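A short worksheet on the structure shown next.
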There are 4 protein chains.
Amino acid sequence: MTQSDLENRSIIIKTVVWGENVHEQTNKVVADIYPDGMHGAIAAALNADDGITATTATLQDPEHGLTAERLADTDVLLWWGHAAHGDVSDDVVERVAEAVWSGMGLILLHSAHFAKPFKRLMGTPCNLTWREAGERERMWVTTRGHPIAKGLPDHFELENEEMYGEPFGVPEPLETVFVSWFQGGEVFRSGLTYRRGLGNIFYFRPGHETYPTYHDANVQTVLKNAVHWAHNEQRMTGDVNVAPNLPVEEALEPIEERGPRLHQDGEEGYR
Amino acid sequence: MTQSDLENRSIIIKTVVWGENVHEQTNKVVADIYPDGMHGAIAAALNADDGITATTATLQDPEHGLTAERLADTDVLLWWGHAAHGDVSDDVVERVAEAVWSGMGLILLHSAHFAKPFKRLMGTPCNLTWREAGERERMWVTTRGHPIAKGLPDHFELENEEMYGEPFGVPEPLETVFVSWFQGGEVFRSGLTYRRGLGNIFYFRPGHETYPTYHDANVQTVLKNAVHWAHNEQRMTGDVNVAPNLPVEEALEPIEERGPRLHQDGEEGYR
Amino acid sequence: MTQSDLENRSIIIKTVVWGENVHEQTNKVVADIYPDGMHGAIAAALNADDGITATTATLQDPEHGLTAERLADTDVLLWWGHAAHGDVSDDVVERVAEAVWSGMGLILLHSAHFAKPFKRLMGTPCNLTWREAGERERMWVTTRGHPIAKGLPDHFELENEEMYGEPFGVPEPLETVFVSWFQGGEVFRSGLTYRRGLGNIFYFRPGHETYPTYHDANVQTVLKNAVHWAHNEQRMTGDVNVAPNLPVEEALEPIEERGPRLHQDGEEGYR
Amino acid sequence: MTQSDLENRSIIIKTVVWGENVHEQTNKVVADIYPDGMHGAIAAALNADDGITATTATLQDPEHGLTAERLADTDVLLWWGHAAHGDVSDDVVERVAEAVWSGMGLILLHSAHFAKPFKRLMGTPCNLTWREAGERERMWVTTRGHPIAKGLPDHFELENEEMYGEPFGVPEPLETVFVSWFQGGEVFRSGLTYRRGLGNIFYFRPGHETYPTYHDANVQTVLKNAVHWAHNEQRMTGDVNVAPNLPVEEALEPIEERGPRLHQDGEEGYR
């Protein structure tokens with residue numbers, strides 16, 4: 001092979017739910033809805049699935065709980081952040097991006113549309129319009145039969161949610177799985193899939209901290225499905241940025257070097 | 001409108017060809033092929049098109065020749081870099097990214113697969129395999145009738161080029177316009193289109209500095225077509241990252257605020 | 001070249017608006033709103049654009065007004081049908097499909113989601129849910145800066161429209177340009193782009209015959225933009241289905257025939 | 001739900017390998033390479049995977065071995081055809097298309113680019129250039145880590161294959177998984193994924209009948225991976241073309257009927 005080797009992953013999906021864990025500590029409303037934290041509630045829901053083993057990590061942990069060793073042992077990472085996007089270490093963000101490129105799945109939740117790892121991987125502003133009024137949201141399945149929609153009806157409702165409105169400043173996705181209707185008159189592409197490197201990425205809109213969204217059975221079904229969908233059984237080992245210089249004498253078809261050259265044999269090349 | 005306004009752009013496409021301009025100064029082979037610099041040769045080819053007015057900018061210019069004012073007045077930017085990717089200012093990279101999001105077209109040439117603006121906008125490693133042997137490259141049109149392929153045959157040859165090989169570490173494009181065959185046995189997706197924000201992006205593979213690629217008539221046709229394709233007649237003014245908080249009382253459909261809230265009226269929201 | 005040649009097309013876009021022209025003749029409500037027919041109203045709106053010259057054709061014309069000669073001279077075809085989808089000749093449908101493959105743009109309007117040419121080109125059921133209640137539709141731009149959205153605000157309303165709801169049984173588009181919000185609680189991907197062969201295809205949802213939708217200024221802007229977007233300056237001449245057998249002795253790289261063979265030199269191959 | 005219900009499928013993937021079975025009967029070369037037929041060889045390779053149970057069907061069977069009952073019980077269908085595309089019953093083609101829309105996976109092999117079911121589902125000519133010279137083909141993985149490429153190196157070779165060349169007349173895929181290099185100078189997008197309705201579709205290029213391609217270990221790996229990728233655990237029951245008319249009084253949000261109407265309550269609507 002001309003690039004880094006691939007290894008196969010376990011069948012049981014090792015999942016980490018990353019929570020910012022700020023409003024749970026500072027806002028009684030949020031603390032009452034999520035006594036174990038939003039990350040705790042999400043991990044508990046995922047652990048109800050025999051194919052998933054979920055743990056948690058938070059902003060306050062050393063290295064935000066996302067050391068290189070832990071990311072290497074993580075198949076799928078879920079990310080919820082809001083008030084403290086700016087406090088996330090750029091080193092950890094780059095580490096997460098490289099883990100995704102090597103094959104770790106990444107699921108971005110709600111206000112994580114502005115999380116550093118999502119903006120880093122999308123290369124766009126990821127902006128939108130918003131309104132916090134506890135209005136009704138109705139999620140519609142636009143790609144029937146998508147694995148992430150397994151077991152869902154064509155639509156389901158969240159009686160109280162924060163509104164996010166189009167235009168949503170993201171790249172065109174591989175597939176648009178959900179579109180939301182809002183009581184106040186907006187729409188939003190609420191479930192979008194991407195691949196970046198070997199990593200599968202899913203953005204899922206609902207989950208404002210002042211509402212019990214992650215206790216909703218349909219939302220929990222989406223999250224479990226998304227973990228299975230995002231899991232790549234292959235993982236790249238070694239340098240995900242490698243760009244090998246292939247020697248002329250080892251060309252797959254016989255060629256002879258012609259013309260002038262800039263580089264010396266085995267040179268790394270410019271970056 | 002709920003986001004920044006849009007303005008219409010001129011019909012004549014204001015184009016800037018950015019050149020790293022290093023090997024032209026330090027390598028006699030390159031200087032002999034491109035006495036006016038690679039950027040100069042490309043700009044001259046573009047100016048042969050009545051619909052395009054092209055100027056140049058280089059790494060050595062103040063702010064690399066890419067001030068905020070100039071980018072605001074640029075419809076399409078072409079980028080050639082290789083030896084000095086690391087010398088490009090991160091501020092200028094962010095400025096270029098924001099210009100693309102606002103609607104400026106961006107065309108990345110050859111070794112610019114590792115240029116900071118491309119990696120910033122793709123969110124991937126953008127890596128590949130390579131071999132500098134002056135081997136034959138044959139470009140095949142895979143999306144017939146694409147505007148970027150206008151006037152081209154189904155295939156054309158470059159007798160001497162540097163090889164780039166798959167896997168190419170980029171996101172799945174909107175469309176794959178060209179695929180290259182190489183004498184040594186590799187293939188490469190040589191023409192890829194993307195949209196990021198309002199900006200159209202095109203990556204075009206050929207153009208190693210030690211060969212006369214940019215003097216090739218078919219290559220010049222591709223570049224002219226690409227400038228026309230990348231030109232967006234609309235340009236966003238104001239903040240491309242704006243995420244407005246919409247007041248409840250101004251909702252498009254009458255709603256009343258329900259449930260607890262985190263934010264105050266008119267609050268900016270978290271980033 | 002190894003396939004059919006391409007020719008360049010005129011700058012003024014020769015456009016044909018195809019109308020089923022049934023309800024205009026049989027339903028007083030429709031006749032009062034569109035005294036010149038829906039096709040007549042749409043053609044008049046398009047002719048207000050200096051870059052477009054629009055004529056009309058109807059189901060009742062010989063060959064539905066779509067002879068091989070006329071299609072060869074048509075750059076963009078708009079299609080509105082509803083009550084009489086089944087009366088459209090399969091020969092004309094195939095002729096339209098081949099014209100699209102050769103580079104003719106095709107714009108499908110509203111109930112044309114079930115028109116034979118659309119189903120032929122999509123290869124899917126193209127089904128949806130619907131309700132005729134004159135409810136409010138609000139169109140949202142999801143791809144800001146797309147040429148089809150040029151000059152539009154981020155959203156606009158149609159006070160009375162027929163509802164179409166997701167899931168919409170079509171392939172994932174190249175880009176989702178519009179998403180609709182409906183008063184009754186549904187959403188719909190209302191503006192979708194595709195390419196089939198050299199032909200650009202745009203599906204646009206609004207346009208129920210009992211409402212004055214095609215007199216709406218924003219809708220007319222979309223249609224004019226869509227004609228410009230769908231126009232391909234290149235058109236394939238000759239057989240769009242050709243699959244040439246390339247002789248070994250004319251291979252681009254020298255090869256010698258090896259192994260057993262099924263086919264004789266110059267044989268057409270199986271279909 | 002507003003459309004047909006979905007059912008879950010078995011974990012063991014019920015797979016049918018459809019073979020035209022003509023050259024195996026009429027051409028000694030093919031018969032010697034594939035004594036059990038190409039379909040037999042492919043089914044045997046698939047049955048080596050514990051997660052797959054594969055049977056065969058041929059053109060000569062009643063209803064080509066693809067009765068409605070059998071398709072309803074098939075999770076993934078593989079299709080190899082060449083000399084007798086025209087002999088395939090249009091009724092069976094439509095039956096296959098509807099099975100795909102309902103969730104059956106479909107894998108098209110080599111000359112099946114011109115098979116009726118593929119052309120029906122793509123809506124394009126599906127044409128290409130070709131040369132039967134037993135030349136070398138080298139398959140490159142362009143989407144590393146894709147499930148269909150699991151366990152493969154970055155490239156592998158087939159010493160003798162028929163050449164297929166670009167442009168390939170198909171829609172832009174969801175993802176381009178493989179691109180082929182040919183000794184004679186052509187390239188081809190050899191592994192392409194699509195979704196049509198609930199059905200996952202994969203086109204895989206190699207497999208000319210006069211060469212032992214389906215005995216190649218890498219090719220067998222691709223086929224096994226593709227069956228797992230194409231398997232949708234959900235299957236739509238009932239009418240895949242249903243387009244329900246939703247009554248005003250049952251609208252999800254309270255609305256009152258306004259304006260004139262064409263349709264009566266519960267009416268089927270036009271097709």
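Following the order of the structure tokens, first chain is A, next is B, and so on, with residues numbered from 1 inside each chain and ligands from 1 in the order they appear.
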Fit result for chain B on chain A over all paired C-alpha atoms, given as a compact mmCIF listing (two decimals) with C-alpha atoms, in the first residue's frame:
```
# COMPACT_ATOMS: atom_id res chain seq x y z
CA MET B 1 -0.07 0.10 0.09
CA THR B 2 1.10 3.60 -0.62
CA GLN B 3 -0.44 5.21 2.44
CA SER B 4 -0.98 4.29 6.10
CA ASP B 5 -2.39 0.87 6.85
CA LEU B 6 -5.90 0.27 8.03
CA GLU B 7 -6.97 -1.76 11.05
CA ASN B 8 -10.38 -3.28 11.76
CA ARG B 9 -12.36 -2.13 14.77
CA SER B 10 -14.39 -3.92 17.40
CA ILE B 11 -18.02 -4.78 16.71
CA ILE B 12 -19.22 -3.19 19.94
CA ILE B 13 -19.05 0.52 19.18
CA LYS B 14 -16.90 2.41 21.67
CA THR B 15 -18.67 5.75 21.99
CA VAL B 16 -17.75 8.91 23.88
CA VAL B 17 -20.34 11.59 24.61
CA TRP B 18 -18.60 14.92 25.06
CA GLY B 19 -20.49 17.52 27.05
CA GLU B 20 -19.56 21.10 27.69
CA ASN B 21 -21.16 20.67 31.15
CA VAL B 22 -21.54 24.39 31.90
CA HIS B 23 -25.26 25.12 32.14
CA GLU B 24 -25.83 21.90 34.06
CA GLN B 25 -23.66 23.46 36.76
CA THR B 26 -24.92 27.02 36.58
CA ASN B 27 -28.58 26.90 35.53
CA LYS B 28 -31.18 25.22 37.77
CA VAL B 29 -33.56 24.60 34.86
CA VAL B 30 -30.94 22.63 32.99
CA ALA B 31 -29.73 20.86 36.13
CA ASP B 32 -33.27 19.74 36.96
CA ILE B 33 -33.88 18.34 33.47
CA TYR B 34 -30.46 16.70 33.25
CA PRO B 35 -29.30 15.85 36.79
CA ASP B 36 -26.51 13.66 35.33
CA GLY B 37 -25.70 16.26 32.72
CA MET B 38 -26.83 16.26 29.11
CA HIS B 39 -23.85 14.05 28.30
CA GLY B 40 -24.91 11.66 31.04
CA ALA B 41 -28.46 11.44 29.74
CA ILE B 42 -27.27 10.84 26.17
CA ALA B 43 -24.74 8.20 27.24
CA ALA B 44 -27.42 6.39 29.26
CA ALA B 45 -29.71 6.33 26.23
CA LEU B 46 -26.93 4.95 24.03
CA ASN B 47 -25.96 2.29 26.56
CA ALA B 48 -29.47 0.87 26.25
CA ASP B 49 -28.28 -0.40 22.85
CA ASP B 50 -26.42 -3.72 23.09
CA GLY B 51 -24.16 -2.73 20.23
CA ILE B 52 -22.92 0.45 21.89
CA THR B 53 -20.80 1.11 24.95
CA ALA B 54 -20.85 4.82 25.81
CA THR B 55 -18.79 6.85 28.26
CA THR B 56 -18.59 10.60 28.80
CA ALA B 57 -16.02 13.38 28.69
CA THR B 58 -16.38 17.05 29.58
CA LEU B 59 -14.72 20.40 28.99
CA GLN B 60 -13.49 20.42 32.58
CA ASP B 61 -11.56 17.14 32.31
CA PRO B 62 -7.81 17.27 31.65
CA GLU B 63 -7.40 17.80 27.89
CA HIS B 64 -11.24 17.97 27.91
CA GLY B 65 -11.19 14.20 28.44
CA LEU B 66 -10.02 13.69 24.88
CA THR B 67 -6.42 12.51 25.05
CA ALA B 68 -4.78 11.04 21.97
CA GLU B 69 -5.03 7.61 23.58
CA ARG B 70 -8.73 7.93 24.26
CA LEU B 71 -9.56 9.20 20.77
CA ALA B 72 -7.58 6.32 19.27
CA ASP B 73 -9.83 3.98 21.26
CA THR B 74 -13.05 5.81 20.33
CA ASP B 75 -15.19 4.65 17.40
CA VAL B 76 -17.78 7.44 17.56
CA LEU B 77 -17.68 10.79 19.35
CA LEU B 78 -20.81 12.86 20.09
CA TRP B 79 -20.34 16.57 20.81
CA TRP B 80 -22.62 18.96 22.68
CA GLY B 81 -21.34 22.48 23.33
CA HIS B 82 -22.84 25.96 23.53
CA ALA B 83 -21.70 28.54 26.07
CA ALA B 84 -18.00 27.69 26.04
CA HIS B 85 -17.07 26.96 22.41
CA GLY B 86 -14.20 29.40 22.79
CA ASP B 87 -12.76 27.53 25.77
CA VAL B 88 -12.07 24.39 23.77
CA SER B 89 -8.34 23.95 23.18
CA ASP B 90 -7.24 24.30 19.56
CA ASP B 91 -4.89 21.36 20.10
CA VAL B 92 -7.80 19.15 21.07
CA VAL B 93 -9.79 20.41 18.08
CA GLU B 94 -6.97 19.42 15.72
CA ARG B 95 -6.68 16.07 17.49
CA VAL B 96 -10.39 15.45 16.99
CA ALA B 97 -10.18 16.44 13.32
CA GLU B 98 -7.31 14.00 12.74
CA ALA B 99 -9.21 11.25 14.54
CA VAL B 100 -12.17 11.85 12.21
CA TRP B 101 -9.91 11.73 9.15
CA SER B 102 -8.54 8.41 10.42
CA GLY B 103 -12.06 6.98 10.70
CA MET B 104 -13.66 8.07 13.98
CA GLY B 105 -17.33 8.97 13.56
CA LEU B 106 -18.45 12.39 14.79
CA ILE B 107 -21.99 13.44 15.70
CA LEU B 108 -22.60 17.14 16.31
CA LEU B 109 -25.60 18.06 18.44
CA HIS B 110 -27.68 21.26 18.25
CA SER B 111 -25.56 24.29 19.24
CA ALA B 112 -22.45 22.34 18.22
CA HIS B 113 -23.10 23.86 14.78
CA PHE B 114 -20.70 26.52 16.12
CA ALA B 115 -18.37 24.07 17.86
CA LYS B 116 -14.75 24.38 16.75
CA PRO B 117 -14.46 20.78 15.49
CA PHE B 118 -17.52 21.16 13.24
CA LYS B 119 -16.36 24.47 11.76
CA ARG B 120 -12.88 22.98 11.30
CA LEU B 121 -14.22 20.01 9.36
CA MET B 122 -16.84 21.87 7.30
CA GLY B 123 -14.69 24.84 6.22
CA THR B 124 -17.77 27.11 6.32
CA PRO B 125 -19.34 29.61 8.77
CA CYS B 126 -22.00 27.08 9.92
CA ASN B 127 -24.25 30.04 10.80
CA LEU B 128 -28.05 30.19 10.93
CA THR B 129 -30.91 32.21 12.43
CA TRP B 130 -32.33 31.36 15.87
CA ARG B 131 -35.13 32.12 18.35
CA GLU B 132 -35.54 30.80 21.86
CA ALA B 133 -39.31 30.64 22.39
CA GLY B 134 -40.10 27.01 23.21
CA GLU B 135 -42.03 26.70 19.97
CA ARG B 136 -43.11 23.45 18.32
CA GLU B 137 -40.66 21.66 16.02
CA ARG B 138 -41.77 18.92 13.66
CA MET B 139 -39.01 16.76 12.16
CA TRP B 140 -39.68 15.28 8.72
CA VAL B 141 -37.77 12.36 7.24
CA THR B 142 -36.63 13.41 3.74
CA THR B 143 -34.56 10.30 2.97
CA ARG B 144 -36.86 7.40 3.81
CA GLY B 145 -35.11 4.20 4.71
CA HIS B 146 -31.88 5.93 5.65
CA PRO B 147 -30.19 3.95 8.47
CA ILE B 148 -30.34 7.02 10.70
CA ALA B 149 -34.15 7.13 10.30
CA LYS B 150 -34.63 3.42 11.09
CA GLY B 151 -37.71 2.82 13.22
CA LEU B 152 -38.99 6.39 12.93
CA PRO B 153 -42.34 7.54 11.53
CA ASP B 154 -42.30 9.98 8.59
CA HIS B 155 -42.46 12.80 11.11
CA PHE B 156 -42.34 13.40 14.86
CA GLU B 157 -42.79 16.44 17.06
CA LEU B 158 -40.86 18.19 19.81
CA GLU B 159 -43.38 20.42 21.59
CA ASN B 160 -40.75 22.84 22.89
CA GLU B 161 -37.54 23.62 21.08
CA GLU B 162 -35.29 26.50 20.15
CA MET B 163 -35.76 27.48 16.51
CA TYR B 164 -32.89 27.31 14.02
CA GLY B 165 -33.66 28.77 10.60
CA GLU B 166 -32.25 28.60 7.07
CA PRO B 167 -30.04 29.54 5.37
CA PHE B 168 -27.71 27.15 7.24
CA GLY B 169 -24.10 27.95 6.26
CA VAL B 170 -22.79 24.44 5.66
CA PRO B 171 -21.57 22.54 2.58
CA GLU B 172 -24.10 20.55 0.55
CA PRO B 173 -24.31 17.23 2.46
CA LEU B 174 -24.02 13.71 1.11
CA GLU B 175 -27.67 13.28 2.09
CA THR B 176 -30.33 15.41 3.78
CA VAL B 177 -32.02 13.02 6.22
CA PHE B 178 -34.32 15.37 8.17
CA VAL B 179 -35.92 18.78 7.60
CA SER B 180 -37.64 20.62 10.46
CA TRP B 181 -40.82 22.69 10.44
CA PHE B 182 -41.12 25.40 13.10
CA GLN B 183 -44.26 26.95 14.52
CA GLY B 184 -42.94 30.46 13.92
CA GLY B 185 -42.60 29.93 10.17
CA GLU B 186 -39.03 28.73 9.57
CA VAL B 187 -37.56 25.50 8.20
CA PHE B 188 -34.16 23.90 8.79
CA ARG B 189 -32.15 20.98 7.39
CA SER B 190 -31.93 19.17 10.72
CA GLY B 191 -30.11 15.97 9.79
CA LEU B 192 -27.13 16.14 7.44
CA THR B 193 -24.47 13.55 6.59
CA TYR B 194 -20.85 14.12 5.53
CA ARG B 195 -17.66 12.12 5.10
CA ARG B 196 -14.29 13.75 5.85
CA GLY B 197 -11.37 11.42 5.30
CA LEU B 198 -12.46 8.02 6.64
CA GLY B 199 -14.78 9.62 9.19
CA ASN B 200 -18.55 9.76 8.93
CA ILE B 201 -20.08 12.99 10.28
CA PHE B 202 -23.71 13.64 11.22
CA TYR B 203 -25.19 16.94 12.32
CA PHE B 204 -28.47 16.65 14.29
CA ARG B 205 -30.30 19.86 15.15
CA PRO B 206 -32.50 19.35 18.26
CA GLY B 207 -31.27 19.58 21.83
CA HIS B 208 -31.60 22.98 23.48
CA GLU B 209 -30.57 22.63 27.12
CA THR B 210 -33.69 24.13 28.68
CA TYR B 211 -35.99 21.47 27.18
CA PRO B 212 -36.11 17.67 27.79
CA THR B 213 -35.25 16.85 24.17
CA TYR B 214 -32.73 14.10 24.94
CA HIS B 215 -35.35 12.26 26.97
CA ASP B 216 -37.53 11.99 23.85
CA ALA B 217 -37.79 8.41 22.54
CA ASN B 218 -37.58 9.40 18.85
CA VAL B 219 -34.54 11.57 19.48
CA GLN B 220 -32.88 8.70 21.34
CA THR B 221 -33.64 6.42 18.38
CA VAL B 222 -31.95 8.89 16.04
CA LEU B 223 -28.87 9.06 18.25
CA LYS B 224 -28.54 5.27 18.47
CA ASN B 225 -29.02 4.91 14.72
CA ALA B 226 -26.52 7.68 14.08
CA VAL B 227 -23.85 5.97 16.18
CA HIS B 228 -24.29 2.76 14.17
CA TRP B 229 -24.25 4.70 10.88
CA ALA B 230 -21.18 6.75 11.84
CA HIS B 231 -19.17 3.72 12.97
CA ASN B 232 -16.46 2.89 10.44
CA GLU B 233 -15.13 -0.62 10.93
CA GLN B 234 -11.87 0.54 9.40
CA ARG B 235 -9.43 2.92 11.06
CA MET B 236 -6.32 4.41 9.54
CA THR B 237 -3.16 3.97 11.58
CA GLY B 238 -0.15 6.23 11.32
CA ASP B 239 -0.03 9.69 9.78
CA VAL B 240 -3.32 10.78 8.22
CA ASN B 241 -1.50 13.60 6.44
CA VAL B 242 1.17 11.46 4.73
CA ALA B 243 1.87 12.33 1.07
CA PRO B 244 4.45 9.78 -0.10
CA ASN B 245 6.98 10.48 -2.85
CA LEU B 246 6.93 7.36 -5.05
CA PRO B 247 10.33 6.45 -6.55
CA VAL B 248 10.55 6.28 -10.33
CA GLU B 249 12.23 2.89 -10.23
CA GLU B 250 9.30 1.44 -8.29
CA ALA B 251 6.60 2.78 -10.62
CA LEU B 252 3.76 0.30 -11.25
CA GLU B 253 4.37 0.64 -14.98
CA PRO B 254 7.92 0.97 -16.28
CA ILE B 255 8.80 4.62 -16.90
CA GLU B 256 12.02 6.53 -17.21
CA GLU B 257 12.58 9.92 -15.66
CA ARG B 258 12.33 12.75 -18.18
CA GLY B 259 12.83 16.49 -18.05
CA PRO B 260 14.09 18.71 -15.26
CA ARG B 261 13.28 18.10 -11.61
CA LEU B 262 12.99 20.06 -8.39
CA HIS B 263 13.03 17.27 -5.87
CA GLN B 264 15.62 14.76 -4.71
CA ASP B 265 14.92 11.06 -4.30
CA GLY B 266 12.84 10.31 -1.24
CA GLU B 267 12.34 13.99 -0.52
CA GLU B 268 9.39 14.88 1.68
CA GLY B 269 7.95 17.54 -0.60
CA TYR B 270 6.73 20.99 0.43
CA ARG B 271 3.91 21.79 2.83
```
Backbone-only DSSP, strand (DSSP E) members of range 13-254 of chain D, as number ranges by chain = D: 13-19, 52-58, 76-80, 105-109, 129-141, 155-165, 175-182, 187-196, 199-204, 234-236
